[in-house]
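Content type PDB, C-alpha atoms, from the file protein-v9.pdb:
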MODEL        1
ATOM      1  CA  MET A   1      32.425 103.093 180.852  1.00  0.00           C
ATOM      2  CA  ARG A   2      32.708 106.860 180.759  1.00  0.00           C
ATOM      3  CA  LYS A   3      36.512 106.660 180.309  1.00  0.00           C
ATOM      4  CA  ILE A   4      36.105 104.244 177.390  1.00  0.00           C
ATOM      5  CA  THR A   5      33.587 106.576 175.722  1.00  0.00           C
ATOM      6  CA  LEU A   6      35.936 109.540 176.152  1.00  0.00           C
ATOM      7  CA  LEU A   7      38.853 107.518 174.793  1.00  0.00           C
ATOM      8  CA  PHE A   8      36.756 106.399 171.801  1.00  0.00           C
ATOM      9  CA  ALA A   9      35.645 110.006 171.134  1.00  0.00           C
ATOM     10  CA  PHE A  10      39.254 111.236 171.329  1.00  0.00           C
ATOM     11  CA  ILE A  11      40.498 108.557 168.882  1.00  0.00           C
ATOM     12  CA  SER A  12      37.579 109.324 166.523  1.00  0.00           C
ATOM     13  CA  MET A  13      38.397 113.031 166.537  1.00  0.00           C
ATOM     14  CA  ILE A  14      42.029 112.369 165.638  1.00  0.00           C
ATOM     15  CA  THR A  15      41.092 109.909 162.900  1.00  0.00           C
ATOM     16  CA  LEU A  16      38.369 112.047 161.348  1.00  0.00           C
ATOM     17  CA  GLN A  17      40.543 115.141 161.378  1.00  0.00           C
ATOM     18  CA  SER A  18      42.846 113.612 158.783  1.00  0.00           C
ATOM     19  CA  CYS A  19      40.026 112.632 156.411  1.00  0.00           C
ATOM     20  CA  THR A  20      39.358 114.639 153.309  1.00  0.00           C
ATOM     21  CA  VAL A  21      36.268 114.860 151.181  1.00  0.00           C
ATOM     22  CA  ASN A  22      36.623 114.642 147.432  1.00  0.00           C
ATOM     23  CA  GLU A  23      33.715 116.324 145.754  1.00  0.00           C
ATOM     24  CA  ASN A  24      32.806 115.321 142.227  1.00  0.00           C
ATOM     25  CA  ASN A  25      33.047 118.454 140.132  1.00  0.00           C
ATOM     26  CA  ASP A  26      31.808 117.877 136.576  1.00  0.00           C
ATOM     27  CA  THR A  27      33.320 121.133 135.341  1.00  0.00           C
ATOM     28  CA  VAL A  28      36.895 120.002 135.971  1.00  0.00           C
ATOM     29  CA  ASP A  29      38.405 118.408 132.906  1.00  0.00           C
ATOM     30  CA  ASN A  30      41.593 116.550 133.778  1.00  0.00           C
ATOM     31  CA  ASP A  31      41.669 114.217 130.791  1.00  0.00           C
ATOM     32  CA  THR A  32      41.362 116.510 127.780  1.00  0.00           C
ATOM     33  CA  ILE A  33      44.448 116.802 125.676  1.00  0.00           C
ATOM     34  CA  SER A  34      45.360 120.014 123.937  1.00  0.00           C
ATOM     35  CA  GLU A  35      44.644 120.062 120.217  1.00  0.00           C
ATOM     36  CA  VAL A  36      45.203 122.314 117.212  1.00  0.00           C
ATOM     37  CA  TYR A  37      42.923 122.606 114.201  1.00  0.00           C
ATOM     38  CA  GLU A  38      43.575 124.611 111.066  1.00  0.00           C
ATOM     39  CA  LEU A  39      41.046 126.345 108.845  1.00  0.00           C
ATOM     40  CA  ARG A  40      42.546 127.049 105.409  1.00  0.00           C
ATOM     41  CA  ASN A  41      41.363 129.325 102.604  1.00  0.00           C
ATOM     42  CA  ILE A  42      38.404 130.596 104.594  1.00  0.00           C
ATOM     43  CA  ASN A  43      36.248 133.310 103.062  1.00  0.00           C
ATOM     44  CA  LEU A  44      34.398 135.253 105.713  1.00  0.00           C
ATOM     45  CA  ASN A  45      30.715 135.902 104.992  1.00  0.00           C
ATOM     46  CA  SER A  46      29.462 139.452 104.683  1.00  0.00           C
ATOM     47  CA  ILE A  47      26.794 140.720 107.076  1.00  0.00           C
ATOM     48  CA  ASN A  48      27.180 144.179 105.564  1.00  0.00           C
ATOM     49  CA  ASN A  49      30.076 146.185 104.117  1.00  0.00           C
ATOM     50  CA  ASN A  50      31.764 146.623 107.509  1.00  0.00           C
ATOM     51  CA  HIS A  51      31.012 143.277 109.199  1.00  0.00           C
ATOM     52  CA  TYR A  52      32.093 139.783 108.135  1.00  0.00           C
ATOM     53  CA  TYR A  53      32.050 136.437 109.953  1.00  0.00           C
ATOM     54  CA  PHE A  54      32.859 132.730 109.741  1.00  0.00           C
ATOM     55  CA  TYR A  55      30.825 130.198 111.731  1.00  0.00           C
ATOM     56  CA  ASP A  56      31.462 126.500 112.316  1.00  0.00           C
ATOM     57  CA  GLU A  57      30.532 123.777 114.778  1.00  0.00           C
ATOM     58  CA  PHE A  58      32.754 121.491 116.819  1.00  0.00           C
ATOM     59  CA  ASN A  59      32.205 117.861 115.924  1.00  0.00           C
ATOM     60  CA  PRO A  60      32.274 116.382 118.475  1.00  0.00           C
ATOM     61  CA  ASN A  61      31.557 119.105 121.001  1.00  0.00           C
ATOM     62  CA  ILE A  62      34.435 120.224 123.171  1.00  0.00           C
ATOM     63  CA  VAL A  63      34.270 119.859 126.954  1.00  0.00           C
ATOM     64  CA  ALA A  64      32.449 122.786 128.587  1.00  0.00           C
ATOM     65  CA  SER A  65      35.532 123.720 130.631  1.00  0.00           C
ATOM     66  CA  ASP A  66      37.897 123.801 127.620  1.00  0.00           C
ATOM     67  CA  VAL A  67      39.291 127.092 126.375  1.00  0.00           C
ATOM     68  CA  VAL A  68      39.682 128.037 122.717  1.00  0.00           C
ATOM     69  CA  LEU A  69      42.456 130.302 121.460  1.00  0.00           C
ATOM     70  CA  ILE A  70      42.384 131.451 117.828  1.00  0.00           C
ATOM     71  CA  TYR A  71      45.338 132.650 115.782  1.00  0.00           C
ATOM     72  CA  ARG A  72      45.257 134.195 112.291  1.00  0.00           C
ATOM     73  CA  MET A  73      48.072 133.628 109.842  1.00  0.00           C
ATOM     74  CA  SER A  74      49.133 137.217 109.237  1.00  0.00           C
ATOM     75  CA  ASP A  75      52.194 136.546 107.086  1.00  0.00           C
ATOM     76  CA  LEU A  76      54.610 133.932 105.753  1.00  0.00           C
ATOM     77  CA  ILE A  77      58.337 134.225 106.339  1.00  0.00           C
ATOM     78  CA  ASN A  78      58.797 131.396 103.827  1.00  0.00           C
ATOM     79  CA  SER A  79      56.613 128.522 102.602  1.00  0.00           C
ATOM     80  CA  SER A  80      57.093 126.570 105.819  1.00  0.00           C
ATOM     81  CA  THR A  81      57.180 129.399 108.390  1.00  0.00           C
ATOM     82  CA  PRO A  82      53.835 131.112 109.003  1.00  0.00           C
ATOM     83  CA  VAL A  83      53.428 134.063 111.331  1.00  0.00           C
ATOM     84  CA  TRP A  84      50.508 133.525 113.762  1.00  0.00           C
ATOM     85  CA  GLN A  85      48.732 136.460 115.351  1.00  0.00           C
ATOM     86  CA  GLN A  86      46.323 135.905 118.235  1.00  0.00           C
ATOM     87  CA  ILE A  87      42.851 137.315 117.907  1.00  0.00           C
ATOM     88  CA  PRO A  88      41.189 139.470 119.108  1.00  0.00           C
ATOM     89  CA  LYS A  89      43.411 141.879 117.233  1.00  0.00           C
ATOM     90  CA  THR A  90      43.013 145.392 115.860  1.00  0.00           C
ATOM     91  CA  LEU A  91      44.782 146.317 112.630  1.00  0.00           C
ATOM     92  CA  TYR A  92      45.318 149.977 111.779  1.00  0.00           C
ATOM     93  CA  LEU A  93      45.223 150.279 107.999  1.00  0.00           C
ATOM     94  CA  ASP A  94      45.201 153.261 105.626  1.00  0.00           C
ATOM     95  CA  GLU A  95      41.492 152.578 104.993  1.00  0.00           C
ATOM     96  CA  GLY A  96      40.623 152.563 108.693  1.00  0.00           C
ATOM     97  CA  GLU A  97      40.479 150.201 111.661  1.00  0.00           C
ATOM     98  CA  LEU A  98      39.909 146.437 111.279  1.00  0.00           C
ATOM     99  CA  ASP A  99      39.085 144.278 114.305  1.00  0.00           C
ATOM    100  CA  TYR A 100      39.280 140.488 114.355  1.00  0.00           C
ATOM    101  CA  ASP A 101      37.431 138.826 117.207  1.00  0.00           C
ATOM    102  CA  PHE A 102      35.768 135.505 118.027  1.00  0.00           C
ATOM    103  CA  ASP A 103      33.456 133.748 120.425  1.00  0.00           C
ATOM    104  CA  PHE A 104      32.964 130.082 121.227  1.00  0.00           C
ATOM    105  CA  SER A 105      30.835 127.626 123.144  1.00  0.00           C
ATOM    106  CA  LYS A 106      31.296 123.901 123.627  1.00  0.00           C
ATOM    107  CA  GLN A 107      29.305 123.413 120.410  1.00  0.00           C
ATOM    108  CA  ASP A 108      30.533 126.094 117.987  1.00  0.00           C
ATOM    109  CA  PHE A 109      32.645 129.144 117.291  1.00  0.00           C
ATOM    110  CA  THR A 110      32.412 132.327 115.231  1.00  0.00           C
ATOM    111  CA  ILE A 111      35.255 134.478 113.915  1.00  0.00           C
ATOM    112  CA  TYR A 112      34.423 138.132 113.207  1.00  0.00           C
ATOM    113  CA  ALA A 113      36.024 140.880 111.128  1.00  0.00           C
ATOM    114  CA  ASN A 114      34.577 144.344 111.787  1.00  0.00           C
ATOM    115  CA  ALA A 115      35.889 147.537 110.240  1.00  0.00           C
ATOM    116  CA  THR A 116      35.374 151.276 110.291  1.00  0.00           C
ATOM    117  CA  TYR A 117      35.400 151.179 106.475  1.00  0.00           C
ATOM    118  CA  ASN A 118      33.978 149.044 103.659  1.00  0.00           C
ATOM    119  CA  LEU A 119      35.859 145.733 103.930  1.00  0.00           C
ATOM    120  CA  SER A 120      35.381 144.987 100.237  1.00  0.00           C
ATOM    121  CA  LEU A 121      38.171 147.548  99.694  1.00  0.00           C
ATOM    122  CA  THR A 122      40.631 145.114 101.339  1.00  0.00           C
ATOM    123  CA  PRO A 123      39.501 141.607 100.338  1.00  0.00           C
ATOM    124  CA  GLU A 124      42.858 140.153 101.402  1.00  0.00           C
ATOM    125  CA  TYR A 125      41.676 140.495 105.027  1.00  0.00           C
ATOM    126  CA  VAL A 126      38.431 138.516 104.598  1.00  0.00           C
ATOM    127  CA  ASN A 127      39.182 136.054 101.760  1.00  0.00           C
ATOM    128  CA  ASN A 128      41.491 133.029 101.736  1.00  0.00           C
ATOM    129  CA  GLU A 129      42.259 133.454 105.418  1.00  0.00           C
ATOM    130  CA  THR A 130      43.969 130.752 107.513  1.00  0.00           C
ATOM    131  CA  PHE A 131      43.230 130.325 111.207  1.00  0.00           C
ATOM    132  CA  ARG A 132      44.477 127.971 113.893  1.00  0.00           C
ATOM    133  CA  LEU A 133      42.207 126.972 116.761  1.00  0.00           C
ATOM    134  CA  VAL A 134      44.065 125.786 119.846  1.00  0.00           C
ATOM    135  CA  ILE A 135      41.888 123.952 122.359  1.00  0.00           C
ATOM    136  CA  ILE A 136      43.372 123.735 125.825  1.00  0.00           C
ATOM    137  CA  PRO A 137      41.879 122.161 128.943  1.00  0.00           C
ATOM    138  CA  GLY A 138      40.264 124.597 131.344  1.00  0.00           C
ATOM    139  CA  TYR A 139      42.048 123.035 134.307  1.00  0.00           C
ATOM    140  CA  ALA A 140      45.297 124.392 132.879  1.00  0.00           C
ATOM    141  CA  SER A 141      44.517 127.766 134.440  1.00  0.00           C
ATOM    142  CA  ASN A 142      45.002 126.066 137.824  1.00  0.00           C
ATOM    143  CA  ARG A 143      48.524 125.028 136.919  1.00  0.00           C
ATOM    144  CA  SER A 144      51.562 127.233 136.936  1.00  0.00           C
ATOM    145  CA  LEU A 145      51.036 128.626 133.429  1.00  0.00           C
ATOM    146  CA  LYS A 146      50.977 132.251 134.449  1.00  0.00           C
ATOM    147  CA  MET A 147      54.277 132.709 132.625  1.00  0.00           C
ATOM    148  CA  VAL A 148      52.905 131.516 129.246  1.00  0.00           C
ATOM    149  CA  ASP A 149      52.478 134.290 126.713  1.00  0.00           C
ATOM    150  CA  PHE A 150      49.169 133.242 125.115  1.00  0.00           C
ATOM    151  CA  SER A 151      49.647 135.813 122.361  1.00  0.00           C
ATOM    152  CA  ASP A 152      52.663 133.780 121.194  1.00  0.00           C
ATOM    153  CA  TYR A 153      51.432 130.717 119.287  1.00  0.00           C
ATOM    154  CA  ASN A 154      54.764 128.895 119.665  1.00  0.00           C
ATOM    155  CA  ALA A 155      54.871 129.520 123.428  1.00  0.00           C
ATOM    156  CA  VAL A 156      51.383 128.000 123.778  1.00  0.00           C
ATOM    157  CA  ILE A 157      52.305 124.997 121.631  1.00  0.00           C
ATOM    158  CA  ASN A 158      55.403 124.390 123.756  1.00  0.00           C
ATOM    159  CA  ALA A 159      53.637 124.907 127.092  1.00  0.00           C
ATOM    160  CA  PHE A 160      50.966 122.328 126.255  1.00  0.00           C
ATOM    161  CA  ASN A 161      53.325 119.866 124.532  1.00  0.00           C
ATOM    162  CA  ILE A 162      51.425 120.014 121.245  1.00  0.00           C
ATOM    163  CA  ASP A 163      53.030 118.415 118.215  1.00  0.00           C
ATOM    164  CA  ASP A 164      52.688 121.213 115.669  1.00  0.00           C
ATOM    165  CA  SER A 165      53.439 118.814 112.798  1.00  0.00           C
ATOM    166  CA  LYS A 166      50.161 116.960 113.465  1.00  0.00           C
ATOM    167  CA  VAL A 167      47.680 119.811 113.046  1.00  0.00           C
ATOM    168  CA  THR A 168      44.252 118.620 111.901  1.00  0.00           C
ATOM    169  CA  VAL A 169      43.064 120.556 108.867  1.00  0.00           C
ATOM    170  CA  LEU A 170      39.305 121.154 108.995  1.00  0.00           C
ATOM    171  CA  LYS A 171      38.785 123.108 105.765  1.00  0.00           C
TER     172      LYS A 171
ENDMDL
END
Since I need it in another form, could you write the structure as C-alpha coordinates?
Amino acid sequence: MRKITLLFAFISMITLQSCTVNENNDTVDNDTISEVYELRNINLNSINNNHYYFYDEFNPNIVASDVVLIYRMSDLINSSTPVWQQIPKTLYLDEGELDYDFDFSKQDFTIYANATYNLSLTPEYVNNETFRLVIIPGYASNRSLKMVDFSDYNAVINAFNIDDSKVTVLK
(Lines of atoms letter the chains of each structure in order from A and count residues from 1; the text may use other names and numbers.)
(Lines give C-alpha, C1' and ligand atoms only; values in the text may rest on other atoms or scores of the structure.)
Protein backbone atom coordinates (compact mmCIF):
# COMPACT_ATOMS: atom_id res chain seq x y z
CA MET A 1 0.00 0.00 0.00
CA ARG A 2 2.85 2.33 0.86
CA LYS A 3 4.46 1.79 -2.58
CA ILE A 4 1.17 2.62 -4.32
CA THR A 5 0.82 5.83 -2.28
CA LEU A 6 4.38 6.85 -3.14
CA LEU A 7 3.79 6.07 -6.81
CA PHE A 8 0.55 8.08 -6.78
CA ALA A 9 2.30 11.03 -5.07
CA PHE A 10 5.14 10.92 -7.62
CA ILE A 11 2.73 10.89 -10.59
CA SER A 12 0.72 13.75 -9.01
CA MET A 13 3.84 15.85 -8.57
CA ILE A 14 4.82 15.41 -12.21
CA THR A 15 1.31 16.17 -13.44
CA LEU A 16 0.77 19.21 -11.23
CA GLN A 17 4.15 20.66 -12.09
CA SER A 18 3.05 21.24 -15.67
CA CYS A 19 -0.18 23.01 -14.71
CA THR A 20 -0.47 26.75 -14.98
CA VAL A 21 -2.86 29.12 -13.31
CA ASN A 22 -4.53 31.78 -15.40
CA GLU A 23 -5.56 34.67 -13.24
CA ASN A 24 -8.35 36.93 -14.42
CA ASN A 25 -6.89 40.41 -14.63
CA ASP A 26 -9.56 43.02 -15.41
CA THR A 27 -6.97 45.66 -16.25
CA VAL A 28 -5.67 43.77 -19.29
CA ASP A 29 -7.43 44.83 -22.44
CA ASN A 30 -6.75 42.39 -25.26
CA ASP A 31 -9.76 43.23 -27.41
CA THR A 32 -9.61 47.00 -27.85
CA ILE A 33 -8.76 48.17 -31.30
CA SER A 34 -6.74 51.29 -31.89
CA GLU A 35 -8.75 54.30 -33.00
CA VAL A 36 -8.18 57.87 -34.16
CA TYR A 37 -10.50 60.80 -33.56
CA GLU A 38 -10.13 64.30 -34.94
CA LEU A 39 -11.17 67.56 -33.33
CA ARG A 40 -11.44 70.32 -35.95
CA ASN A 41 -11.65 74.09 -35.57
CA ILE A 42 -11.35 73.94 -31.80
CA ASN A 43 -11.18 77.21 -29.88
CA LEU A 44 -9.52 76.74 -26.53
CA ASN A 45 -11.26 78.43 -23.59
CA SER A 46 -9.46 81.09 -21.62
CA ILE A 47 -8.83 80.57 -17.90
CA ASN A 48 -6.79 83.78 -17.87
CA ASN A 49 -4.50 85.54 -20.35
CA ASN A 50 -1.78 82.88 -20.06
CA HIS A 51 -3.84 79.68 -19.67
CA TYR A 52 -6.31 78.14 -22.12
CA TYR A 53 -7.95 74.70 -22.26
CA PHE A 54 -10.33 72.42 -24.16
CA TYR A 55 -12.32 69.75 -22.31
CA ASP A 56 -14.42 66.91 -23.69
CA GLU A 57 -15.77 63.54 -22.61
CA PHE A 58 -15.37 60.14 -24.21
CA ASN A 59 -18.70 58.70 -25.27
CA PRO A 60 -18.59 55.83 -24.60
CA ASN A 61 -15.83 55.72 -22.01
CA ILE A 62 -12.56 54.17 -23.07
CA VAL A 63 -11.20 51.09 -21.30
CA ALA A 64 -9.26 52.01 -18.14
CA SER A 65 -6.07 50.41 -19.49
CA ASP A 66 -6.16 52.28 -22.82
CA VAL A 67 -3.60 54.98 -23.56
CA VAL A 68 -4.37 58.28 -25.29
CA LEU A 69 -1.86 60.08 -27.49
CA ILE A 70 -2.70 63.57 -28.76
CA TYR A 71 -1.23 65.28 -31.80
CA ARG A 72 -1.72 68.91 -32.87
CA MET A 73 -1.79 69.87 -36.52
CA SER A 74 1.09 72.33 -36.60
CA ASP A 75 1.21 72.95 -40.35
CA LEU A 76 -0.06 71.88 -43.77
CA ILE A 77 2.34 70.88 -46.52
CA ASN A 78 -0.62 70.97 -48.92
CA SER A 79 -4.39 70.57 -48.53
CA SER A 80 -4.11 66.82 -48.04
CA THR A 81 -0.84 66.58 -46.07
CA PRO A 82 -1.04 67.82 -42.48
CA VAL A 83 1.95 67.94 -40.17
CA TRP A 84 1.16 66.33 -36.78
CA GLN A 85 3.10 67.28 -33.68
CA GLN A 86 2.76 65.21 -30.51
CA ILE A 87 1.85 67.02 -27.33
CA PRO A 88 3.11 67.75 -24.74
CA LYS A 89 5.16 70.22 -26.73
CA THR A 90 6.89 73.51 -25.96
CA LEU A 91 7.02 76.19 -28.65
CA TYR A 92 9.57 78.98 -28.38
CA LEU A 93 8.04 82.08 -29.95
CA ASP A 94 9.13 85.72 -30.12
CA GLU A 95 6.43 86.53 -27.52
CA GLY A 96 7.65 83.86 -25.10
CA GLU A 97 7.19 80.17 -24.33
CA LEU A 98 3.99 78.27 -25.17
CA ASP A 99 3.36 74.79 -23.74
CA TYR A 100 0.72 72.39 -25.03
CA ASP A 101 -0.16 69.56 -22.68
CA PHE A 102 -3.06 67.22 -21.92
CA ASP A 103 -4.45 64.77 -19.42
CA PHE A 104 -7.01 62.00 -19.75
CA SER A 105 -9.03 59.46 -17.84
CA LYS A 106 -11.29 56.71 -19.13
CA GLN A 107 -14.12 59.26 -19.10
CA ASP A 108 -12.63 62.51 -20.43
CA PHE A 109 -9.64 64.50 -21.58
CA THR A 110 -8.37 68.07 -21.37
CA ILE A 111 -5.93 69.83 -23.70
CA TYR A 112 -4.02 72.78 -22.22
CA ALA A 113 -2.13 75.74 -23.68
CA ASN A 114 -0.06 77.65 -21.12
CA ALA A 115 2.25 80.54 -21.96
CA THR A 116 4.73 82.90 -20.37
CA TYR A 117 2.95 85.75 -22.18
CA ASN A 118 -0.61 86.87 -22.94
CA LEU A 119 -1.93 84.25 -25.39
CA SER A 120 -4.39 86.71 -26.92
CA LEU A 121 -1.34 88.14 -28.72
CA THR A 122 -1.10 84.90 -30.75
CA PRO A 123 -4.69 83.74 -31.34
CA GLU A 124 -3.54 81.36 -34.09
CA TYR A 125 -2.26 79.04 -31.33
CA VAL A 126 -5.57 78.80 -29.42
CA ASN A 127 -8.26 79.30 -32.10
CA ASN A 128 -9.28 77.00 -34.95
CA GLU A 129 -6.91 74.30 -33.77
CA THR A 130 -7.05 70.70 -35.05
CA PHE A 131 -6.08 67.77 -32.86
CA ARG A 132 -5.94 64.02 -33.37
CA LEU A 133 -6.54 61.67 -30.46
CA VAL A 134 -5.05 58.21 -30.95
CA ILE A 135 -6.37 55.60 -28.53
CA ILE A 136 -4.20 52.53 -28.24
CA PRO A 137 -4.70 49.48 -26.03
CA GLY A 138 -2.68 49.46 -22.84
CA TYR A 139 -1.55 45.88 -23.43
CA ALA A 140 0.46 47.16 -26.39
CA SER A 141 3.22 48.20 -24.00
CA ASN A 142 3.76 44.47 -23.36
CA ARG A 143 4.41 43.82 -27.03
CA SER A 144 7.59 44.56 -28.88
CA LEU A 145 6.75 48.20 -29.64
CA LYS A 146 9.82 49.66 -28.02
CA MET A 147 11.03 50.68 -31.47
CA VAL A 148 7.92 52.80 -32.25
CA ASP A 149 8.58 56.52 -32.22
CA PHE A 150 5.39 57.76 -30.52
CA SER A 151 6.27 61.34 -31.40
CA ASP A 152 5.81 60.39 -35.07
CA TYR A 153 2.08 60.21 -35.85
CA ASN A 154 2.64 58.14 -39.01
CA ALA A 155 4.85 55.62 -37.18
CA VAL A 156 2.11 55.12 -34.57
CA ILE A 157 -0.58 54.73 -37.24
CA ASN A 158 1.54 52.12 -39.02
CA ALA A 159 2.51 50.24 -35.86
CA PHE A 160 -1.12 49.82 -34.80
CA ASN A 161 -2.48 49.16 -38.31
CA ILE A 162 -4.83 52.14 -38.19
CA ASP A 163 -6.54 53.15 -41.41
CA ASP A 164 -5.83 56.88 -41.45
CA SER A 165 -8.49 57.45 -44.13
CA LYS A 166 -11.22 56.45 -41.65
CA VAL A 167 -10.61 59.02 -38.91
CA THR A 168 -13.76 59.84 -36.94
CA VAL A 169 -14.34 63.59 -36.76
CA LEU A 170 -15.78 64.60 -33.39
CA LYS A 171 -16.08 68.37 -33.85
Given the PyMOL selection byres ((chain A and resi 159) around 10) and the file above, list the residues it selects as a JSON list (two decimals) with C-alpha atoms, in the frame of the given file.
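What landed in out_32.json:
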[["chain", "number", "residue", "atom", "x", "y", "z"],
["A", 145, "LEU", "CA", 51.04, 128.63, 133.43],
["A", 147, "MET", "CA", 54.28, 132.71, 132.62],
["A", 148, "VAL", "CA", 52.90, 131.52, 129.25],
["A", 149, "ASP", "CA", 52.48, 134.29, 126.71],
["A", 150, "PHE", "CA", 49.17, 133.24, 125.12],
["A", 153, "TYR", "CA", 51.43, 130.72, 119.29],
["A", 154, "ASN", "CA", 54.76, 128.90, 119.66],
["A", 155, "ALA", "CA", 54.87, 129.52, 123.43],
["A", 156, "VAL", "CA", 51.38, 128.00, 123.78],
["A", 157, "ILE", "CA", 52.30, 125.00, 121.63],
["A", 158, "ASN", "CA", 55.40, 124.39, 123.76],
["A", 160, "PHE", "CA", 50.97, 122.33, 126.26],
["A", 161, "ASN", "CA", 53.32, 119.87, 124.53],
["A", 162, "ILE", "CA", 51.42, 120.01, 121.24]]
Handout entry: Interatomic distance, atom CA of A:Val63 to atom CA of A:Asp99 (Å, one decimal)
Key = 27.9 Å
Problem - Residue members of the PyMOL selection byres ((chain A and resi 91) around 12) in the file shown, as number ranges by chain - result: A: 74, 85-90, 92-101, 113-116, 125
Using only C-alpha atoms, I'd like a table of the residues in stretch 95-119 of chain A that come within 12 Å of stretch 127-141 of chain A; for each, show the closest atom pair and its distance in Å rounded to one decimal, ordered by chain and ascending number, as CSV.
residue,atom,partner,partner_atom,distance
A:Tyr100,CA,A:Phe131,CA,11.3
A:Asp101,CA,A:Phe131,CA,11.9
A:Phe102,CA,A:Leu133,CA,10.8
A:Asp103,CA,A:Leu133,CA,11.7
A:Phe104,CA,A:Leu133,CA,10.7
A:Ser105,CA,A:Ile135,CA,11.7
A:Lys106,CA,A:Ile135,CA,10.7
A:Asp108,CA,A:Leu133,CA,11.8
A:Phe109,CA,A:Leu133,CA,9.8
A:Thr110,CA,A:Leu133,CA,11.3
A:Ile111,CA,A:Phe131,CA,9.4
A:Tyr112,CA,A:Phe131,CA,11.9
A:Ala113,CA,A:Asn127,CA,11.0
A:Leu119,CA,A:Asn127,CA,10.5
Exercise for the section: Measure the distance from atom CA of A:Ser46 to atom CA of A:Ile62 in Å and round it to one decimal. Expected result: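 Distance reported for this atom pair: 27.1 Å.
For the set A:Ser80, A:Leu39, A:Ser34, A:Gln107, the residue with the smallest atom-to-atom gap to A:Pro60 is A:Gln107, counting all atoms listed in the file.
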Handout entry: Evaluate the PyMOL selection byres ((chain A and resi 37) around 6) and report residues as a PyMOL selection string
Key = chain A and resi 36+38+132-133+167-169
Around all of stretch 43-61 of chain A's listed atoms, make the axis-aligned box with 4 Å on each side and tell me centre and edge lengths in Å to one decimal, as JSON.
{"center_x": 31.5, "center_y": 131.5, "center_z": 112.0, "size_x": 17.5, "size_y": 38.2, "size_z": 25.9}
Practice task
With a distance cut-off of 9 Å and all atoms listed in the file, select the neighbouring residues of A:Ser120, excluding the residue or stretch itself and same-chain residues fewer than 4 positions from it, and output the selection as a PyMOL selection string.
Solution key: chain A and resi 49-50+124+126
Exercise for the section: Go through A:Asn78, A:Asn118, A:Leu69, A:Lys166 and flag the residue nearest A:His51, using all atoms listed in the file for the distances. Expected result: A:Asn118
Fill in the blank from the handout: Of A:Asp163, A:Arg40, A:Pro123, A:Leu170, the one sitting nearest A:Tyr52 when using all atoms listed in the file is A:Pro123
Problem - Interatomic distance, atom CA of A:Thr81 to atom CA of A:Asp164 (Å, one decimal) - result: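 Computed distance, atom CA of A:Thr81 to atom CA of A:Asp164, equals 11.8 Å.
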